[in-house]
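Undergrad: File name structure_35.txt; file contents compact mmCIF, C-alpha atoms; full text below.
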```txt
# COMPACT_ATOMS: atom_id res chain seq x y z
CA MET A 1 -79.55 16.30 39.38
CA PRO A 2 -80.76 13.68 41.88
CA GLY A 3 -84.43 12.94 42.31
CA ARG A 4 -87.37 11.19 40.72
CA VAL A 5 -87.35 11.04 36.93
CA CYS A 6 -90.02 10.34 34.32
CA VAL A 7 -89.02 9.79 30.71
CA PHE A 8 -91.38 10.78 27.88
CA ILE A 9 -90.48 9.20 24.52
CA ASP A 10 -91.92 10.49 21.25
CA GLY A 11 -91.67 7.10 19.55
CA SER A 12 -92.04 8.22 15.96
CA ASN A 13 -89.52 11.04 16.41
CA LEU A 14 -87.00 8.69 18.04
CA TYR A 15 -87.54 6.00 15.39
CA HIS A 16 -86.82 8.37 12.50
CA ALA A 17 -83.89 10.02 14.29
CA CYS A 18 -82.33 6.60 15.02
CA ARG A 19 -82.79 5.53 11.42
CA GLU A 20 -80.99 8.69 10.25
CA ASN A 21 -78.22 8.67 12.87
CA LEU A 22 -77.60 4.98 13.55
CA GLY A 23 -77.07 3.82 9.99
CA GLY A 24 -80.64 2.67 9.49
CA ARG A 25 -80.82 0.89 12.86
CA THR A 26 -83.98 1.34 14.92
CA ASP A 27 -83.70 -1.62 17.32
CA LEU A 28 -82.89 0.41 20.42
CA ASN A 29 -83.62 -1.44 23.68
CA LEU A 30 -85.93 1.19 25.13
CA GLY A 31 -85.79 -0.16 28.68
CA ALA A 32 -82.00 0.01 28.73
CA PHE A 33 -82.13 3.38 26.95
CA SER A 34 -84.44 4.81 29.65
CA SER A 35 -82.16 3.55 32.42
CA TRP A 36 -79.16 5.05 30.62
CA LEU A 37 -80.92 8.42 30.38
CA VAL A 38 -81.96 8.46 34.02
CA THR A 39 -78.48 7.46 35.30
CA PRO A 40 -77.93 5.41 38.47
CA SER A 41 -77.84 8.45 40.78
CA ARG A 42 -81.53 9.19 40.16
CA GLN A 43 -84.75 7.23 40.71
CA HIS A 44 -86.49 6.05 37.53
CA VAL A 45 -90.19 6.46 38.26
CA ARG A 46 -91.64 5.55 34.85
CA THR A 47 -91.14 5.79 31.11
CA TYR A 48 -94.02 6.78 28.87
CA TYR A 49 -93.74 5.74 25.23
CA TYR A 50 -96.02 7.36 22.64
CA ASN A 51 -96.69 6.21 19.09
CA CYS A 52 -99.42 5.04 16.71
CA PRO A 53 -100.29 1.61 15.38
CA VAL A 54 -99.34 1.05 11.75
CA ARG A 55 -101.88 1.93 9.08
CA PRO A 56 -104.84 -0.42 8.85
CA ASP A 57 -103.83 -1.31 5.29
CA ALA A 58 -100.23 -2.14 6.28
CA PRO A 59 -98.93 -5.58 5.32
CA PRO A 60 -99.75 -8.29 7.89
CA GLU A 61 -96.03 -8.81 8.63
CA ALA A 62 -95.62 -5.11 9.56
CA GLN A 63 -98.62 -5.39 11.86
CA LYS A 64 -97.22 -8.54 13.51
CA THR A 65 -93.79 -6.95 13.93
CA GLN A 66 -95.29 -3.90 15.59
CA GLN A 67 -97.46 -6.03 17.87
CA ARG A 68 -94.37 -7.99 19.00
CA PHE A 69 -92.61 -4.67 19.65
CA TYR A 70 -95.51 -3.28 21.71
CA GLY A 71 -95.79 -6.60 23.54
CA MET A 72 -92.13 -6.32 24.53
CA LEU A 73 -92.71 -2.75 25.76
CA TYR A 74 -95.76 -3.81 27.80
CA ARG A 75 -93.53 -6.35 29.57
CA THR A 76 -90.78 -3.78 30.29
CA PRO A 77 -90.79 -2.71 33.96
CA TYR A 78 -91.95 0.85 34.65
CA PHE A 79 -93.03 1.37 31.03
CA GLU A 80 -96.36 2.74 29.86
CA VAL A 81 -97.37 2.61 26.21
CA ARG A 82 -99.70 5.35 25.01
CA LEU A 83 -101.10 4.99 21.51
CA GLY A 84 -102.60 7.64 19.30
CA LYS A 85 -104.07 6.90 15.91
CA LEU A 86 -103.28 7.39 12.27
CA VAL A 87 -105.91 9.17 10.22
CA PRO A 88 -106.02 9.50 6.45
CA ARG A 89 -105.98 12.88 4.79
CA GLU A 90 -105.70 14.14 1.26
CA ALA A 91 -102.47 15.83 0.19
CA HIS A 92 -102.30 17.80 -3.02
CA CYS A 93 -99.06 18.36 -4.93
CA ASP A 94 -99.20 21.63 -6.87
CA GLY A 95 -96.08 20.67 -8.81
CA CYS A 96 -97.54 17.55 -10.41
CA ASN A 97 -101.20 18.43 -9.83
CA THR A 98 -101.99 15.13 -8.12
CA THR A 99 -103.78 14.29 -4.91
CA ARG A 100 -102.90 11.31 -2.78
CA GLN A 101 -103.84 9.94 0.59
CA ILE A 102 -101.33 10.27 3.44
CA TRP A 103 -101.59 9.13 7.04
CA THR A 104 -101.15 11.61 9.89
CA GLU A 105 -100.51 10.96 13.60
CA LYS A 106 -103.26 12.24 15.87
CA GLY A 107 -103.38 12.34 19.64
CA VAL A 108 -99.69 11.77 20.30
CA ASP A 109 -98.03 15.17 20.80
CA MET A 110 -100.92 16.55 22.83
CA ARG A 111 -100.95 13.44 25.03
CA ILE A 112 -97.22 13.80 25.75
CA GLY A 113 -97.72 17.42 26.78
CA ILE A 114 -100.75 16.61 28.94
CA ASP A 115 -99.04 13.66 30.65
CA MET A 116 -95.92 15.72 31.30
CA LEU A 117 -97.88 18.59 32.84
CA SER A 118 -100.27 16.30 34.72
CA GLY A 119 -97.32 14.41 36.26
CA ALA A 120 -95.72 17.69 37.28
CA ILE A 121 -98.90 18.96 38.91
CA LYS A 122 -99.41 15.62 40.72
CA ASN A 123 -95.78 15.75 41.93
CA LEU A 124 -94.99 12.41 40.30
CA TYR A 125 -91.47 13.48 39.31
CA ASP A 126 -88.76 16.03 39.96
CA THR A 127 -87.26 15.85 36.47
CA ALA A 128 -88.89 15.14 33.12
CA ILE A 129 -86.75 13.88 30.27
CA LEU A 130 -88.32 14.41 26.86
CA VAL A 131 -86.90 12.24 24.09
CA SER A 132 -87.78 14.24 21.00
CA GLY A 133 -86.46 17.07 18.88
CA ASP A 134 -89.92 18.43 18.06
CA ALA A 135 -90.42 22.16 18.69
CA ASP A 136 -94.11 21.54 19.44
CA PHE A 137 -93.12 20.44 22.95
CA ALA A 138 -91.51 23.73 23.98
CA GLU A 139 -94.66 25.02 25.66
CA ALA A 140 -95.26 21.76 27.55
CA LEU A 141 -91.68 21.92 28.85
CA ARG A 142 -92.16 25.53 29.86
CA ALA A 143 -95.41 24.67 31.70
CA ALA A 144 -93.72 21.80 33.58
CA LYS A 145 -90.87 24.13 34.57
CA GLU A 146 -93.39 26.62 35.94
CA THR A 147 -94.49 23.95 38.46
CA GLY A 148 -90.92 23.81 39.77
CA ARG A 149 -89.85 20.75 37.81
CA HIS A 150 -86.58 20.37 35.94
CA VAL A 151 -86.86 19.51 32.27
CA GLU A 152 -84.32 17.82 30.07
CA VAL A 153 -84.34 17.08 26.37
CA ALA A 154 -82.50 14.11 24.86
CA SER A 155 -82.21 14.11 21.07
CA PHE A 156 -79.85 13.88 18.18
CA VAL A 157 -78.43 17.34 17.42
CA PRO A 158 -79.45 17.43 13.73
CA SER A 159 -83.11 16.84 14.59
CA ARG A 160 -83.37 19.06 17.69
CA ALA A 161 -85.44 22.22 17.32
CA TYR A 162 -83.87 25.43 18.57
CA GLU A 163 -87.00 26.15 20.66
CA LEU A 164 -86.18 23.13 22.85
CA LEU A 165 -82.69 24.47 23.52
CA GLN A 166 -84.23 27.70 24.72
CA VAL A 167 -86.58 26.04 27.20
CA ALA A 168 -84.81 22.94 28.54
CA ASP A 169 -82.72 23.08 31.70
CA VAL A 170 -80.43 20.44 30.18
CA CYS A 171 -80.07 19.23 26.60
CA ARG A 172 -78.45 15.86 26.20
CA ASP A 173 -76.99 15.05 22.81
CA LEU A 174 -77.74 11.52 21.67
CA ILE A 175 -74.61 10.20 19.99
CA ALA A 176 -74.47 7.04 17.89
CA ALA A 177 -71.39 5.68 19.70
CA ASP A 178 -73.20 5.94 23.08
CA LEU A 179 -76.34 4.24 21.77
CA ARG A 180 -74.80 1.33 19.86
CA PRO A 181 -74.31 -0.75 23.06
CA LEU A 182 -78.06 -0.27 23.70
CA LEU A 183 -79.12 -1.85 20.40
CA VAL A 184 -80.95 -5.16 20.65
CA ARG A 185 -78.88 -6.91 17.97
CA GLN A 186 -75.15 -6.39 18.43
```
Will you turn the file into structure tokens for me?
TA:
Amino acid sequence: MPGRVCVFIDGSNLYHACRENLGGRTDLNLGAFSSWLVTPSRQHVRTYYYNCPVRPDAPPEAQKTQQRFYGMLYRTPYFEVRLGKLVPREAHCDGCNTTRQIWTEKGVDMRIGIDMLSGAIKNLYDTAILVSGDADFAEALRAAKETGRHVEVASFVPSRAYELLQVADVCRDLIAADLRPLLVRQ
């Protein structure tokens, strides 16, 4: 479908799906990936990328690597980086009767939904492409559709929630063979 397109990337979801489906590879060139999703017949308005910084107690090398990655995204044309935060919480295992601290993403999924709906209401795009398999986005997609927008989902089949299939106008299967040419290191 021709028209103006915004891409909304759930960074953590895409990272884990790439790791599972691309043989451990996660070095997808996100600028090239966005252009590939939009296709030349449509106008790429903007890509929004959502994620969280690494844990504050992460090794310095992991922090530097992530900062280089975000720096590259900030320099990518028509790319916006939106960061949530990681918050600690206690998780109890009934099986071994232990409690440990885990880190949970906060402010990412809601921000994607708000940005998608806000862009639809402001008439910033004709089509939204959500890159995620997370069922939590079904209602945001439905709300964007109710404003007259088209919504597409791009995800690997094994990690795509059935609820997204029910709502999306188009579901695009991400396939390893199609994405390998978009990897940074060939």
Undergrad: Report as JSON lines: every residue of region 13-93 of chain A with an atom at most 12 Å from region 153-171 of chain A, its closest pair of atoms, and their distance in Å to one decimal, counting only C-alpha atoms, with rows sorted by chain and ascending residue number.
TA:
```
{"residue": "A:Asn13", "atom": "CA", "partner": "A:Ser159", "partner_atom": "CA", "distance": 8.8}
{"residue": "A:Leu14", "atom": "CA", "partner": "A:Ser155", "partner_atom": "CA", "distance": 7.8}
{"residue": "A:Tyr15", "atom": "CA", "partner": "A:Ser155", "partner_atom": "CA", "distance": 11.2}
{"residue": "A:His16", "atom": "CA", "partner": "A:Ser159", "partner_atom": "CA", "distance": 9.5}
{"residue": "A:Ala17", "atom": "CA", "partner": "A:Phe156", "partner_atom": "CA", "distance": 6.8}
{"residue": "A:Cys18", "atom": "CA", "partner": "A:Phe156", "partner_atom": "CA", "distance": 8.3}
{"residue": "A:Arg19", "atom": "CA", "partner": "A:Phe156", "partner_atom": "CA", "distance": 11.1}
{"residue": "A:Glu20", "atom": "CA", "partner": "A:Ser159", "partner_atom": "CA", "distance": 9.5}
{"residue": "A:Asn21", "atom": "CA", "partner": "A:Phe156", "partner_atom": "CA", "distance": 7.6}
{"residue": "A:Leu22", "atom": "CA", "partner": "A:Phe156", "partner_atom": "CA", "distance": 10.3}
{"residue": "A:Phe33", "atom": "CA", "partner": "A:Ala154", "partner_atom": "CA", "distance": 10.9}
{"residue": "A:Ser34", "atom": "CA", "partner": "A:Ala154", "partner_atom": "CA", "distance": 10.6}
{"residue": "A:Trp36", "atom": "CA", "partner": "A:Ala154", "partner_atom": "CA", "distance": 11.2}
{"residue": "A:Leu37", "atom": "CA", "partner": "A:Ala154", "partner_atom": "CA", "distance": 8.1}
{"residue": "A:Val38", "atom": "CA", "partner": "A:Ala154", "partner_atom": "CA", "distance": 10.8}
```
Undergrad: Mind giving me the straight-line distance from CA of Asp27 (chain A) to CA of Arg185 (chain A) in Å, one decimal?
TA: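 Those two atoms sit 7.2 Å apart.
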Undergrad: Using only C-alpha atoms for the distances, tell me which of A:Val5, A:Ala62, A:Ala177, A:Cys52 is nearest to Val81 (chain A).
TA: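 The answer is A:Cys52, which sits nearest to Val81 (chain A).
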Undergrad: Here is a test: counting only C-alpha atoms, which residue of A:His92, A:Lys64, A:Arg111, A:Lys122 is nearest to Ile9 (chain A)?
TA: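 The closest residue to Ile9 (chain A) is A:Arg111.
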Undergrad: Quick one, how far is CA of Thr47 (chain A) from CA of Ile114 (chain A)?
TA: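 Interatomic distance, CA of Thr47 (chain A) to CA of Ile114 (chain A): 14.6 Å.
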Undergrad: Work out how far apart CA of Arg180 (chain A) and CA of Val108 (chain A) are and give it in Å to one decimal.
TA: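 Computing the Euclidean distance for CA of Arg180 (chain A) and CA of Val108 (chain A) yields 27.0 Å.
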Undergrad: Skipping near chain neighbours, those fewer than 2 positions away, what residues fall within 8 Å of Lys106 (chain A) using all atoms listed in the file, listed as a list of chain:residue names?
TA: A:Gly84, A:Lys85, A:Leu86, A:Val87, A:Thr104, A:Val108, A:Asp109
Undergrad: Export C-alpha atoms of the chosen residues as a PDB file, in the frame of the given file?
TA:
```pdb
ATOM      1  CA  GLY A  84    -102.600   7.640  19.300  1.00  0.00           C
ATOM      2  CA  LYS A  85    -104.070   6.900  15.910  1.00  0.00           C
ATOM      3  CA  LEU A  86    -103.280   7.390  12.270  1.00  0.00           C
ATOM      4  CA  VAL A  87    -105.910   9.170  10.220  1.00  0.00           C
ATOM      5  CA  THR A 104    -101.150  11.610   9.890  1.00  0.00           C
ATOM      6  CA  VAL A 108     -99.690  11.770  20.300  1.00  0.00           C
ATOM      7  CA  ASP A 109     -98.030  15.170  20.800  1.00  0.00           C
TER       8      ASP A 109
END
```
Undergrad: Given the choices A:Glu139, A:Asp57, A:Asp134, A:Glu146, which gets closest to Ile102 (chain A) if the distance is worked out from all atoms listed in the file?
TA: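 Of A:Glu139, A:Asp57, A:Asp134, A:Glu146, the one nearest Ile102 (chain A) is A:Asp57, counting all atoms listed in the file.
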Undergrad: Tell me which protein, DNA and RNA residues are within 10 Å of Gln43 (chain A), counting all atoms listed in the file, leaving out same-chain ones fewer than 3 positions away, and put them as a PyMOL selection string.
TA: chain A and resi 2-6+35+38-40+46+125-127
Undergrad: For a quick check of understanding, using only C-alpha atoms, which of A:Thr147, A:Trp103, A:Asn97, A:Leu83 has the smallest distance to Met116 (chain A)?
TA: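 For Met116 (chain A), the nearest of the candidates is A:Thr147.
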Undergrad: Do you know which residues are at most 8 Å from Leu182 (chain A) counting all atoms listed in the file, after dropping those on the same chain fewer than 5 positions away, and could you put them as an MDAnalysis selection string?
TA: chainID A and resid 28:29 32:33
Undergrad: Would you save the residues from that selection as a compact mmCIF listing (two decimals), in the frame of the given file, using C-alpha atoms?
TA:
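Now in result-v7.txt:
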```txt
# COMPACT_ATOMS: atom_id res chain seq x y z
CA LEU A 28 -82.89 0.41 20.42
CA ASN A 29 -83.62 -1.44 23.68
CA ALA A 32 -82.00 0.01 28.73
CA PHE A 33 -82.13 3.38 26.95
```
Undergrad: Choose the residue, out of A:Ala144, A:Ala176, A:Pro181, A:Glu61, that has the smallest atom-to-atom separation from Leu124 (chain A); count only C-alpha atoms.
TA: A:Ala144
Undergrad: Need the shell around Phe8 (chain A): protein/DNA/RNA residues with any atom at most 7 Å away, counting all atoms listed in the file. Skip same-chain ones fewer than 3 positions apart. Format as a list in words?
TA: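 Residues meeting the cut-off are Thr47, Tyr48, Tyr49, Ile112, Ile129, Leu130 and Val131 of chain A.
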Undergrad: Determine the nearest neighbour of Pro77 (chain A) from the options A:Leu117, A:Ala58, A:Val45, A:Leu141, counting all atoms listed in the file.
TA: A:Val45
Undergrad: Using all atoms listed in the file, find all polymer residues with an atom at most 6 Å away from the point (-104.3, 15.2, -2.5); report them as a list in words.
TA: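 Residues found, by chain and rising number: Glu90, Ala91, His92, Thr99 and Arg100 of chain A.
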Undergrad: So that I have them on file, write out the residues from the current selection with C-alpha atoms, as a PDB file, in the coordinates of the input.
TA:
```pdb
ATOM      1  CA  GLU A  90    -105.700  14.140   1.260  1.00  0.00           C
ATOM      2  CA  ALA A  91    -102.470  15.830   0.190  1.00  0.00           C
ATOM      3  CA  HIS A  92    -102.300  17.800  -3.020  1.00  0.00           C
ATOM      4  CA  THR A  99    -103.780  14.290  -4.910  1.00  0.00           C
ATOM      5  CA  ARG A 100    -102.900  11.310  -2.780  1.00  0.00           C
TER       6      ARG A 100
END
```
